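File shown: work21.cif. Contents: mmCIF, C-alpha atoms and all ligand atoms.
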data_final
#
loop_
_atom_site.group_PDB
_atom_site.id
_atom_site.type_symbol
_atom_site.label_atom_id
_atom_site.label_comp_id
_atom_site.auth_asym_id
_atom_site.auth_seq_id
_atom_site.Cartn_x
_atom_site.Cartn_y
_atom_site.Cartn_z
ATOM 1 C CA MET A 98 -8.907 -15.840 -38.440
ATOM 2 C CA SER A 99 -10.483 -13.633 -41.059
ATOM 3 C CA ILE A 100 -8.443 -12.449 -44.023
ATOM 4 C CA PHE A 101 -8.845 -8.826 -42.919
ATOM 5 C CA LYS A 102 -7.443 -9.618 -39.497
ATOM 6 C CA THR A 103 -4.437 -11.394 -41.012
ATOM 7 C CA ILE A 104 -3.762 -8.494 -43.395
ATOM 8 C CA ARG A 105 -4.160 -5.943 -40.616
ATOM 9 C CA MET A 106 -1.812 -7.819 -38.304
ATOM 10 C CA ASN A 107 0.897 -8.402 -40.908
ATOM 11 C CA CYS A 108 0.691 -5.143 -42.857
ATOM 12 C CA LEU A 109 -0.142 -2.682 -40.120
ATOM 13 C CA THR A 110 0.188 -3.853 -36.520
ATOM 14 C CA LYS A 111 3.485 -5.750 -36.746
ATOM 15 C CA PRO A 112 5.378 -3.099 -38.783
ATOM 16 C CA LEU A 113 4.007 -0.400 -36.475
ATOM 17 C CA PHE A 114 5.190 -2.242 -33.373
ATOM 18 C CA ASN A 115 8.591 -2.892 -34.963
ATOM 19 C CA LEU A 116 8.926 0.798 -35.827
ATOM 20 C CA ILE A 117 8.014 1.840 -32.260
ATOM 21 C CA LYS A 118 10.550 -0.628 -30.882
ATOM 22 C CA SER A 119 13.399 0.247 -33.283
ATOM 23 C CA LYS A 120 12.953 4.008 -32.810
ATOM 24 C CA GLU A 121 12.645 3.517 -29.036
ATOM 25 C CA LEU A 122 9.516 5.657 -29.018
ATOM 26 C CA LEU A 123 8.275 4.152 -25.756
ATOM 27 C CA PRO A 124 10.237 4.718 -22.557
ATOM 28 C CA PRO A 125 12.037 1.543 -21.424
ATOM 29 C CA ILE A 126 10.554 -0.463 -18.561
ATOM 30 C CA SER A 127 13.041 -0.567 -15.701
ATOM 31 C CA ASP A 128 13.799 -3.685 -13.638
ATOM 32 C CA THR A 129 11.811 -2.139 -10.822
ATOM 33 C CA GLU A 130 8.778 -1.568 -13.007
ATOM 34 C CA LYS A 131 9.061 -5.095 -14.434
ATOM 35 C CA THR A 132 9.026 -6.525 -10.910
ATOM 36 C CA ALA A 133 5.940 -4.466 -10.050
ATOM 37 C CA LEU A 134 4.168 -5.398 -13.290
ATOM 38 C CA ARG A 135 4.839 -9.106 -12.822
ATOM 39 C CA ALA A 136 3.805 -9.140 -9.184
ATOM 40 C CA GLY A 137 0.559 -10.919 -8.370
ATOM 41 C CA GLY A 138 -1.750 -12.716 -10.760
ATOM 42 C CA VAL A 139 -5.022 -12.187 -12.529
ATOM 43 C CA TRP A 140 -8.392 -13.420 -11.437
ATOM 44 C CA MET A 141 -11.589 -13.397 -13.470
ATOM 45 C CA GLU A 142 -10.827 -9.854 -14.655
ATOM 46 C CA GLY A 143 -8.247 -11.466 -16.973
ATOM 47 C CA ASP A 144 -11.126 -13.226 -18.687
ATOM 48 C CA LEU A 145 -13.234 -10.083 -18.874
ATOM 49 C CA PHE A 146 -10.444 -8.101 -20.526
ATOM 50 C CA SER A 147 -9.687 -10.909 -22.983
ATOM 51 C CA GLY A 148 -12.808 -10.029 -24.942
ATOM 52 C CA HIS A 149 -13.886 -13.702 -24.766
ATOM 53 C CA PRO A 150 -14.962 -14.229 -21.172
ATOM 54 C CA ASP A 151 -15.619 -17.810 -20.168
ATOM 55 C CA PHE A 152 -18.833 -17.321 -18.194
ATOM 56 C CA GLU A 153 -18.941 -20.904 -16.988
ATOM 57 C CA LYS A 154 -15.541 -20.429 -15.366
ATOM 58 C CA ILE A 155 -16.549 -17.033 -13.955
ATOM 59 C CA PHE A 156 -19.772 -18.316 -12.390
ATOM 60 C CA SER A 157 -18.140 -21.410 -10.934
ATOM 61 C CA ALA A 158 -15.170 -19.507 -9.480
ATOM 62 C CA PRO A 159 -14.858 -19.695 -5.692
ATOM 63 C CA TYR A 160 -15.873 -16.409 -4.097
ATOM 64 C CA PRO A 161 -14.688 -15.381 -0.643
ATOM 65 C CA LYS A 162 -17.147 -15.605 2.242
ATOM 66 C CA LEU A 163 -17.262 -13.775 5.526
ATOM 67 C CA SER A 164 -16.521 -15.791 8.625
ATOM 68 C CA ASP A 165 -19.083 -15.733 11.465
ATOM 69 C CA GLU A 166 -16.755 -13.492 13.425
ATOM 70 C CA GLU A 167 -16.438 -11.012 10.544
ATOM 71 C CA LYS A 168 -20.220 -10.988 10.067
ATOM 72 C CA ALA A 169 -20.784 -10.333 13.771
ATOM 73 C CA PHE A 170 -18.210 -7.507 13.712
ATOM 74 C CA LEU A 171 -19.967 -5.884 10.742
ATOM 75 C CA ASP A 172 -23.337 -6.144 12.456
ATOM 76 C CA LYS A 173 -22.224 -4.828 15.823
ATOM 77 C CA GLU A 174 -18.959 -2.861 16.081
ATOM 78 C CA VAL A 175 -19.066 -1.442 12.555
ATOM 79 C CA GLU A 176 -22.722 -0.430 12.947
ATOM 80 C CA GLU A 177 -21.922 1.281 16.251
ATOM 81 C CA LEU A 178 -18.929 3.099 14.798
ATOM 82 C CA CYS A 179 -21.004 4.331 11.865
ATOM 83 C CA ALA A 180 -23.760 5.484 14.200
ATOM 84 C CA MET A 181 -21.390 7.509 16.378
ATOM 85 C CA THR A 182 -19.655 9.262 13.433
ATOM 86 C CA ASN A 183 -21.136 12.372 11.888
ATOM 87 C CA ASP A 184 -19.343 13.321 8.673
ATOM 88 C CA TRP A 185 -20.413 16.976 8.919
ATOM 89 C CA GLU A 186 -18.933 17.289 12.405
ATOM 90 C CA VAL A 187 -15.729 15.550 11.326
ATOM 91 C CA PHE A 188 -15.235 18.169 8.602
ATOM 92 C CA GLN A 189 -16.074 20.999 11.005
ATOM 93 C CA GLN A 190 -13.598 19.755 13.621
ATOM 94 C CA ARG A 191 -11.095 18.517 11.023
ATOM 95 C CA ASP A 192 -10.616 15.395 13.140
ATOM 96 C CA LEU A 193 -12.570 12.418 14.405
ATOM 97 C CA PRO A 194 -14.144 13.027 17.816
ATOM 98 C CA GLU A 195 -12.361 11.610 20.871
ATOM 99 C CA ASN A 196 -15.028 8.912 21.504
ATOM 100 C CA VAL A 197 -14.709 7.698 17.902
ATOM 101 C CA TRP A 198 -10.919 7.447 18.207
ATOM 102 C CA SER A 199 -11.284 5.488 21.461
ATOM 103 C CA PHE A 200 -13.871 3.137 19.953
ATOM 104 C CA ILE A 201 -11.633 2.492 16.931
ATOM 105 C CA LYS A 202 -8.656 1.642 19.120
ATOM 106 C CA GLU A 203 -10.519 -0.406 21.757
ATOM 107 C CA ASN A 204 -12.217 -2.538 19.125
ATOM 108 C CA ARG A 205 -8.984 -3.075 17.152
ATOM 109 C CA PHE A 206 -10.194 -1.524 13.932
ATOM 110 C CA LEU A 207 -6.573 -0.579 13.245
ATOM 111 C CA GLY A 208 -5.478 -4.210 13.586
ATOM 112 C CA MET A 209 -7.916 -6.028 11.310
ATOM 113 C CA ILE A 210 -5.149 -7.649 9.246
ATOM 114 C CA ILE A 211 -2.926 -8.364 12.232
ATOM 115 C CA PRO A 212 -3.147 -12.032 13.291
ATOM 116 C CA LYS A 213 -4.796 -12.819 16.606
ATOM 117 C CA ALA A 214 -1.493 -14.170 17.904
ATOM 118 C CA TYR A 215 -0.206 -10.586 17.810
ATOM 119 C CA GLY A 216 -3.349 -9.042 19.286
ATOM 120 C CA GLY A 217 -5.205 -8.201 16.057
ATOM 121 C CA LEU A 218 -8.533 -9.376 14.690
ATOM 122 C CA GLY A 219 -6.991 -11.699 12.069
ATOM 123 C CA PHE A 220 -9.581 -10.821 9.418
ATOM 124 C CA SER A 221 -9.448 -11.946 5.790
ATOM 125 C CA ALA A 222 -8.861 -9.444 2.973
ATOM 126 C CA TYR A 223 -12.557 -9.751 2.127
ATOM 127 C CA GLY A 224 -13.648 -9.136 5.710
ATOM 128 C CA HIS A 225 -11.394 -6.094 5.901
ATOM 129 C CA SER A 226 -12.753 -4.813 2.591
ATOM 130 C CA CYS A 227 -16.398 -5.186 3.739
ATOM 131 C CA VAL A 228 -15.664 -3.174 6.883
ATOM 132 C CA ILE A 229 -14.059 -0.344 4.874
ATOM 133 C CA GLU A 230 -16.926 -0.370 2.383
ATOM 134 C CA LYS A 231 -19.457 0.118 5.152
ATOM 135 C CA LEU A 232 -17.437 2.818 6.937
ATOM 136 C CA ALA A 233 -17.019 4.696 3.649
ATOM 137 C CA SER A 234 -20.793 4.826 3.279
ATOM 138 C CA ARG A 235 -20.832 6.907 6.478
ATOM 139 C CA SER A 236 -17.642 8.977 6.334
ATOM 140 C CA GLN A 237 -14.671 9.027 3.954
ATOM 141 C CA VAL A 238 -12.353 10.308 6.678
ATOM 142 C CA LEU A 239 -13.423 7.458 8.953
ATOM 143 C CA ALA A 240 -12.888 4.885 6.200
ATOM 144 C CA ILE A 241 -9.436 6.168 5.222
ATOM 145 C CA THR A 242 -8.332 6.465 8.848
ATOM 146 C CA VAL A 243 -9.139 2.781 9.352
ATOM 147 C CA MET A 244 -8.048 1.663 5.899
ATOM 148 C CA VAL A 245 -4.509 3.031 5.772
ATOM 149 C CA PRO A 246 -3.162 1.234 8.878
ATOM 150 C CA ASN A 247 -4.648 -2.005 7.516
ATOM 151 C CA SER A 248 -3.364 -1.671 3.962
ATOM 152 C CA LEU A 249 -0.495 0.774 3.472
ATOM 153 C CA GLY A 250 0.576 0.824 7.087
ATOM 154 C CA PRO A 251 3.731 -0.851 8.364
ATOM 155 C CA ALA A 252 1.839 -3.832 9.896
ATOM 156 C CA GLU A 253 1.791 -5.851 6.696
ATOM 157 C CA LEU A 254 5.417 -5.033 5.919
ATOM 158 C CA LEU A 255 6.340 -6.076 9.445
ATOM 159 C CA LEU A 256 4.402 -9.322 9.029
ATOM 160 C CA GLN A 257 6.177 -10.060 5.749
ATOM 161 C CA TYR A 258 9.694 -8.848 6.476
ATOM 162 C CA GLY A 259 10.018 -8.027 10.173
ATOM 163 C CA LEU A 260 12.150 -9.849 12.693
ATOM 164 C CA GLU A 261 10.188 -11.849 15.271
ATOM 165 C CA GLN A 262 11.447 -9.411 17.903
ATOM 166 C CA GLN A 263 10.018 -6.473 15.932
ATOM 167 C CA LYS A 264 6.708 -8.273 15.307
ATOM 168 C CA LYS A 265 6.244 -9.077 18.989
ATOM 169 C CA TYR A 266 6.867 -5.495 19.986
ATOM 170 C CA TYR A 267 5.157 -3.457 17.269
ATOM 171 C CA LEU A 268 2.169 -5.553 16.114
ATOM 172 C CA PRO A 269 0.246 -5.630 19.438
ATOM 173 C CA ARG A 270 0.858 -1.891 19.822
ATOM 174 C CA LEU A 271 -0.392 -1.232 16.285
ATOM 175 C CA ALA A 272 -3.407 -3.520 16.787
ATOM 176 C CA ASP A 273 -4.728 -1.653 19.833
ATOM 177 C CA GLY A 274 -3.748 1.830 18.702
ATOM 178 C CA ARG A 275 -0.979 2.485 21.240
ATOM 179 C CA ASP A 276 1.060 3.152 18.107
ATOM 180 C CA ILE A 277 -0.449 4.912 15.098
ATOM 181 C CA PRO A 278 1.118 3.996 11.755
ATOM 182 C CA CYS A 279 1.489 5.777 8.448
ATOM 183 C CA PHE A 280 3.113 5.023 5.124
ATOM 184 C CA ALA A 281 5.146 7.855 3.648
ATOM 185 C CA LEU A 282 5.594 7.415 -0.081
ATOM 186 C CA THR A 283 4.215 10.499 -1.854
ATOM 187 C CA GLU A 284 6.505 13.520 -2.310
ATOM 188 C CA PRO A 285 6.208 16.959 -3.918
ATOM 189 C CA GLU A 286 7.788 15.483 -7.071
ATOM 190 C CA ALA A 287 6.452 11.909 -6.846
ATOM 191 C CA GLY A 288 2.772 10.995 -6.870
ATOM 192 C CA SER A 289 1.323 8.547 -9.387
ATOM 193 C CA ASP A 290 4.874 7.851 -10.562
ATOM 194 C CA ALA A 291 6.140 6.543 -7.254
ATOM 195 C CA THR A 292 9.444 5.411 -8.767
ATOM 196 C CA SER A 293 10.553 9.033 -9.112
ATOM 197 C CA ILE A 294 10.944 9.540 -5.357
ATOM 198 C CA GLN A 295 13.865 11.781 -4.409
ATOM 199 C CA SER A 296 14.163 10.909 -0.724
ATOM 200 C CA TYR A 297 17.298 8.957 -0.027
ATOM 201 C CA GLY A 298 19.295 7.318 2.685
ATOM 202 C CA ILE A 299 23.031 6.698 2.792
ATOM 203 C CA VAL A 300 24.375 3.647 4.577
ATOM 204 C CA PHE A 301 27.292 4.377 6.881
ATOM 205 C CA LYS A 302 29.038 3.091 9.958
ATOM 206 C CA ASP A 303 29.183 5.369 12.980
ATOM 207 C CA GLY A 304 32.201 5.898 15.268
ATOM 208 C CA GLU A 305 31.394 2.652 17.110
ATOM 209 C CA GLY A 306 31.100 0.690 13.872
ATOM 210 C CA LYS A 307 27.292 0.437 14.085
ATOM 211 C CA LEU A 308 25.413 0.268 10.791
ATOM 212 C CA LYS A 309 23.205 3.335 10.273
ATOM 213 C CA ILE A 310 21.314 5.216 7.561
ATOM 214 C CA ASN A 311 21.527 8.968 7.067
ATOM 215 C CA LEU A 312 18.081 9.967 5.763
ATOM 216 C CA GLN A 313 17.058 12.998 3.720
ATOM 217 C CA PHE A 314 13.366 13.099 2.897
ATOM 218 C CA GLU A 315 10.423 15.334 2.123
ATOM 219 C CA LYS A 316 6.916 13.846 2.004
ATOM 220 C CA ARG A 317 3.372 15.101 1.588
ATOM 221 C CA TYR A 318 -0.242 13.872 1.688
ATOM 222 C CA ILE A 319 0.544 11.211 4.276
ATOM 223 C CA THR A 320 -2.588 9.901 5.979
ATOM 224 C CA LEU A 321 -2.117 10.036 9.779
ATOM 225 C CA GLY A 322 1.382 11.494 9.202
ATOM 226 C CA ALA A 323 0.757 14.262 11.751
ATOM 227 C CA ILE A 324 0.065 11.832 14.603
ATOM 228 C CA ALA A 325 1.926 8.699 13.516
ATOM 229 C CA THR A 326 4.366 7.042 15.878
ATOM 230 C CA VAL A 327 5.507 4.247 13.514
ATOM 231 C CA ILE A 328 6.403 5.437 10.035
ATOM 232 C CA GLY A 329 6.859 3.259 6.962
ATOM 233 C CA LEU A 330 9.194 5.369 4.866
ATOM 234 C CA ALA A 331 9.899 4.877 1.160
ATOM 235 C CA PHE A 332 13.302 6.105 0.052
ATOM 236 C CA VAL A 333 16.146 5.297 -2.276
ATOM 237 C CA LEU A 334 18.897 3.507 -0.397
ATOM 238 C CA LYS A 335 22.440 4.342 -1.443
ATOM 239 C CA ASP A 336 25.504 2.467 -0.314
ATOM 240 C CA PRO A 337 28.417 4.367 -1.896
ATOM 241 C CA GLU A 338 31.027 2.524 0.192
ATOM 242 C CA ASN A 339 29.418 -0.832 -0.573
ATOM 243 C CA ILE A 340 29.124 -1.625 3.129
ATOM 244 C CA LEU A 341 26.289 -4.080 2.503
ATOM 245 C CA GLY A 342 28.201 -5.745 -0.337
ATOM 246 C CA ARG A 343 25.355 -5.537 -2.843
ATOM 247 C CA GLY A 344 26.685 -2.758 -5.060
ATOM 248 C CA GLY A 345 26.792 0.973 -4.503
ATOM 249 C CA ASP A 346 23.259 1.889 -5.471
ATOM 250 C CA LEU A 347 20.546 -0.345 -4.064
ATOM 251 C CA VAL A 348 17.889 2.043 -5.174
ATOM 252 C CA ARG A 349 14.387 1.020 -6.145
ATOM 253 C CA LYS A 350 15.225 -2.626 -6.613
ATOM 254 C CA ILE A 351 14.927 -3.082 -2.887
ATOM 255 C CA TYR A 352 12.206 -0.504 -2.526
ATOM 256 C CA TRP A 353 9.830 -2.420 -4.794
ATOM 257 C CA ALA A 354 10.892 -6.004 -4.307
ATOM 258 C CA GLY A 355 11.058 -5.823 -0.558
ATOM 259 C CA GLY A 356 8.478 -3.175 0.212
ATOM 260 C CA THR A 357 9.857 -0.278 2.155
ATOM 261 C CA ILE A 358 13.377 -0.436 3.491
ATOM 262 C CA TRP A 359 13.084 -0.955 7.192
ATOM 263 C CA ALA A 360 14.533 1.552 9.566
ATOM 264 C CA LEU A 361 12.598 0.434 12.621
ATOM 265 C CA PRO A 362 14.844 0.095 15.634
ATOM 266 C CA VAL A 363 14.903 -3.394 17.107
ATOM 267 C CA PRO A 364 13.382 -2.913 20.564
HETATM 268 C C1 LIG A 401 -7.198 10.586 0.726
HETATM 269 C C2 LIG A 401 -5.758 10.418 0.354
HETATM 270 C C3 LIG A 401 -4.903 9.748 1.209
HETATM 271 C C4 LIG A 401 -3.563 9.599 0.857
HETATM 272 N N1 LIG A 401 -2.741 8.945 1.724
HETATM 273 C C5 LIG A 401 -1.454 8.766 1.393
HETATM 274 C C6 LIG A 401 -0.591 8.054 2.270
HETATM 275 O O1 LIG A 401 -0.983 7.586 3.339
HETATM 276 N N2 LIG A 401 0.694 7.899 1.907
HETATM 277 C C7 LIG A 401 1.181 8.380 0.738
HETATM 278 O O2 LIG A 401 2.358 8.166 0.479
HETATM 279 N N3 LIG A 401 0.392 9.074 -0.111
HETATM 280 C C8 LIG A 401 -0.908 9.268 0.184
HETATM 281 N N4 LIG A 401 -1.728 9.972 -0.653
HETATM 282 C C9 LIG A 401 -1.164 10.589 -1.830
HETATM 283 C C10 LIG A 401 -1.467 9.801 -3.091
HETATM 284 O O3 LIG A 401 -0.684 8.631 -3.128
HETATM 285 C C11 LIG A 401 -1.170 10.727 -4.273
HETATM 286 O O4 LIG A 401 -2.121 11.769 -4.213
HETATM 287 C C12 LIG A 401 -1.284 9.993 -5.596
HETATM 288 O O5 LIG A 401 -0.203 9.103 -5.727
HETATM 289 C C13 LIG A 401 -1.320 10.959 -6.764
HETATM 290 O O6 LIG A 401 -0.233 11.799 -6.748
HETATM 291 P P1 LIG A 401 -0.364 13.408 -6.931
HETATM 292 O O7 LIG A 401 -1.449 13.868 -5.999
HETATM 293 O O8 LIG A 401 1.012 13.980 -6.772
HETATM 294 O O9 LIG A 401 -0.890 13.601 -8.402
HETATM 295 P P2 LIG A 401 -0.062 13.468 -9.758
HETATM 296 O O10 LIG A 401 0.648 12.136 -9.794
HETATM 297 O O11 LIG A 401 0.776 14.689 -9.943
HETATM 298 O O12 LIG A 401 -1.235 13.449 -10.806
HETATM 299 C C14 LIG A 401 -1.934 14.657 -11.161
HETATM 300 C C15 LIG A 401 -2.887 14.342 -12.291
HETATM 301 O O13 LIG A 401 -2.190 13.826 -13.435
HETATM 302 C C16 LIG A 401 -2.710 12.546 -13.819
HETATM 303 N N5 LIG A 401 -1.605 11.661 -14.231
HETATM 304 C C17 LIG A 401 -0.492 11.371 -13.527
HETATM 305 N N6 LIG A 401 0.307 10.533 -14.215
HETATM 306 C C18 LIG A 401 -0.335 10.265 -15.383
HETATM 307 C C19 LIG A 401 -0.036 9.467 -16.531
HETATM 308 N N7 LIG A 401 1.102 8.777 -16.628
HETATM 309 N N8 LIG A 401 -0.933 9.428 -17.534
HETATM 310 C C20 LIG A 401 -2.095 10.132 -17.460
HETATM 311 N N9 LIG A 401 -2.429 10.918 -16.398
HETATM 312 C C21 LIG A 401 -1.578 10.981 -15.394
HETATM 313 C C22 LIG A 401 -3.418 12.008 -12.576
HETATM 314 O O14 LIG A 401 -4.485 11.116 -12.907
HETATM 315 C C23 LIG A 401 -3.938 13.282 -11.927
HETATM 316 O O15 LIG A 401 -5.155 13.678 -12.472
HETATM 317 C C24 LIG A 401 -3.069 10.130 -0.349
HETATM 318 C C25 LIG A 401 -3.938 10.790 -1.206
HETATM 319 C C26 LIG A 401 -5.260 10.929 -0.876
HETATM 320 C C27 LIG A 401 -6.172 11.640 -1.821
#

Just give me the structure as structure tokens.
Amino acid sequence: MSIFKTIRMNCLTKPLFNLIKSKELLPPISDTEKTALRAGGVWMEGDLFSGHPDFEKIFSAPYPKLSDEEKAFLDKEVEELCAMTNDWEVFQQRDLPENVWSFIKENRFLGMIIPKAYGGLGFSAYGHSCVIEKLASRSQVLAITVMVPNSLGPAELLLQYGLEQQKKYYLPRLADGRDIPCFALTEPEAGSDATSIQSYGIVFKDGEGKLKINLQFEKRYITLGAIATVIGLAFVLKDPENILGRGGDLVRKIYWAGGTIWALPVP
């Protein structure tokens, strides 16, 4: 380490950081934010941002490949969907034409990430990404319409946290478009800073002793929100009577760690 670097670190950087810490000049990172920040891992971008990328490691890293099925889907169904969509017309009509909607549903574009066992296409993240990339080259509306059910939509949350009974009922319906999903996170007062959502639900027991949630929410900018039949809803869960036995305010801890709180009825 050069002498200048050592001097800079000891005389400038460290005292500056200590001052910022002691004066609490930066807002504290909440438990929720810590969980979000620590989620996942880094890939080769970690190396790139280090300033000393190890090119040997980068070039020998395993890269995902498309399966034969994914390739065939890109060459046939995705090509056809692109050919039948005219971005100008979509903006004029402010919707996708009926034949495009039917083609999307029949060919399970909305169920790319849903495993075949539940009626989806069972594509990899890379396969899904290649499909969206190609659709976006034709029409943004088309790409986002297909992308949201496969990424934000409740299918992945159901796969991760749903009961088998819920998976068996909802996933095939989401895969073939009988149900249209959306994910409602953004609010008038919460956009980039999703942790500031105001929508809340209060846990209570009804007259028959059944566990329920009283929801108060206001959302905006929700893709497919106007036609959705299965809604993933982000809200702050409050349990003032401690019915669930986890403390009165379950708030964002659950929201971030467990995805959205589920309010889907068990069929
Ligand atoms: C095509 C599309 C589809 C969407 N679909 C969905 C959906 O399905 N579900 C859903 O919940 N939401 C959806 N959204 C909403 C989206 O999540 C929000 O638009 C996004 O989170 C940004 O929030 P905002 O629009 O309120 O902007 P704001 O958060 O108010 O940001 C306004 C401006 O301030 C800047 N800014 C904000 N915070 C900071 C900061 N800390 N430092 C510096 N600059 C900052 C931003 O870059 C931006 O330029 C969709 C949006 C789009 C465009």

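Across the structure, atom CA of Val228 of chain A and atom CA of Leu145 of chain A are spaced 26.8 Å apart.
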
Selection in question (the file shown): the PyMOL selection byres (((chain A and resi 246) around 8) and not hetatm). Which residues does it include, as a tab-separated table (two decimals) with C-alpha atoms, keeping the file's coordinate frame?
chain	number	residue	atom	x	y	z
A	207	LEU	CA	-6.57	-0.58	13.24
A	208	GLY	CA	-5.48	-4.21	13.59
A	242	THR	CA	-8.33	6.46	8.85
A	243	VAL	CA	-9.14	2.78	9.35
A	244	MET	CA	-8.05	1.66	5.90
A	245	VAL	CA	-4.51	3.03	5.77
A	247	ASN	CA	-4.65	-2.00	7.52
A	248	SER	CA	-3.36	-1.67	3.96
A	249	LEU	CA	-0.50	0.77	3.47
A	250	GLY	CA	0.58	0.82	7.09
A	251	PRO	CA	3.73	-0.85	8.36
A	252	ALA	CA	1.84	-3.83	9.90
A	277	ILE	CA	-0.45	4.91	15.10
A	278	PRO	CA	1.12	4.00	11.76
A	279	CYS	CA	1.49	5.78	8.45

Write out as CSV a residue-level contact list of chain A versus ligand LIG 401 (chain A) with cut-off 12 Å: for each qualifying residue the closest pair of atoms and the distance in Å to one decimal, counting only C-alpha atoms and all ligand atoms, rows sorted by chain and residue number upward.
residue,atom,partner,partner_atom,distance
A:Pro124,CA,A:LIG401,N7,11.6
A:Ala233,CA,A:LIG401,C1,11.8
A:Ser236,CA,A:LIG401,C1,12.0
A:Gln237,CA,A:LIG401,C1,8.3
A:Val238,CA,A:LIG401,C1,7.9
A:Leu239,CA,A:LIG401,C1,10.8
A:Ala240,CA,A:LIG401,C1,9.7
A:Ile241,CA,A:LIG401,C1,6.7
A:Thr242,CA,A:LIG401,C3,9.0
A:Val243,CA,A:LIG401,O1,11.2
A:Met244,CA,A:LIG401,O1,9.6
A:Val245,CA,A:LIG401,O1,6.3
A:Pro246,CA,A:LIG401,O1,8.7
A:Asn247,CA,A:LIG401,O1,11.1
A:Ser248,CA,A:LIG401,O1,9.6
A:Leu249,CA,A:LIG401,O1,6.8
A:Gly250,CA,A:LIG401,O1,7.9
A:Pro251,CA,A:LIG401,O1,10.9
A:Pro278,CA,A:LIG401,O1,9.4
A:Cys279,CA,A:LIG401,O1,6.0
A:Phe280,CA,A:LIG401,N2,4.9
A:Ala281,CA,A:LIG401,O2,4.2
A:Leu282,CA,A:LIG401,O2,3.4
A:Thr283,CA,A:LIG401,O2,3.8
A:Glu284,CA,A:LIG401,O8,7.1
A:Pro285,CA,A:LIG401,O8,6.6
A:Glu286,CA,A:LIG401,O8,6.9
A:Ala287,CA,A:LIG401,O8,5.8
A:Gly288,CA,A:LIG401,O6,3.1
A:Ser289,CA,A:LIG401,O10,3.7
A:Asp290,CA,A:LIG401,O10,6.1
A:Ala291,CA,A:LIG401,O5,7.0
A:Thr292,CA,A:LIG401,O5,10.8
A:Ser293,CA,A:LIG401,O10,10.4
A:Ile294,CA,A:LIG401,O2,10.5
A:Glu315,CA,A:LIG401,O2,10.9
A:Lys316,CA,A:LIG401,O2,7.4
A:Arg317,CA,A:LIG401,N3,6.9
A:Tyr318,CA,A:LIG401,N4,4.8
A:Ile319,CA,A:LIG401,C6,3.9
A:Thr320,CA,A:LIG401,O1,3.9
A:Leu321,CA,A:LIG401,O1,7.0
A:Gly322,CA,A:LIG401,O1,7.4
A:Ala323,CA,A:LIG401,O1,10.9
A:Ala325,CA,A:LIG401,O1,10.6
A:Ile328,CA,A:LIG401,O1,10.2
A:Gly329,CA,A:LIG401,N2,9.2
A:Leu330,CA,A:LIG401,O2,8.6
A:Ala331,CA,A:LIG401,O2,8.3
A:Phe332,CA,A:LIG401,O2,11.1
A:Thr357,CA,A:LIG401,O2,11.4

Query raised in the report: What's the 12 Å shell around Lys213 of chain A, counting all atoms listed in the file, without same-chain residues fewer than 6 positions away, as a ChimeraX atom specification?
Result: /A:205,219-221,265,268-269,272-273

Query - Residues matched by the PyMOL selection byres (((chain A and resi 192-194) around 10) and not hetatm) as a ChimeraX atom specification - result: /A:181-184,186-191,195-199,238-239,242

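Applied to the shown file, the PyMOL selection byres (((chain A and resi 176) around 12) and not hetatm) selects the residues A:Lys168, A:Ala169, A:Phe170, A:Leu171, A:Asp172, A:Lys173, A:Glu174, A:Val175, A:Glu177, A:Leu178, A:Cys179, A:Ala180, A:Met181, A:Thr182, A:Phe200, A:Val228, A:Ile229, A:Lys231, A:Leu232, A:Ser234, A:Arg235.
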
Report task. Mind giving me the straight-line distance from atom CA of Phe301 of chain A to atom CA of Leu256 of chain A in Å, one decimal? Result ->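 Atom-to-atom, atom CA of Phe301 of chain A and atom CA of Leu256 of chain A are spaced 26.8 Å apart.
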
Query raised in the report: Which distance in Å separates atom CA of Leu271 of chain A and atom CA of Lys202 of chain A, to one decimal?
Result: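 Separation of atom CA of Leu271 of chain A and atom CA of Lys202 of chain A: 9.2 Å.
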
Report task. Go through A:Ser296, A:Arg105, A:Lys120, A:Asp336 one by one, measure the shortest atom-to-atom distance of each to Ile310 of chain A using all atoms listed in the file, and give the residue with the smallest value. Result -> A:Asp336
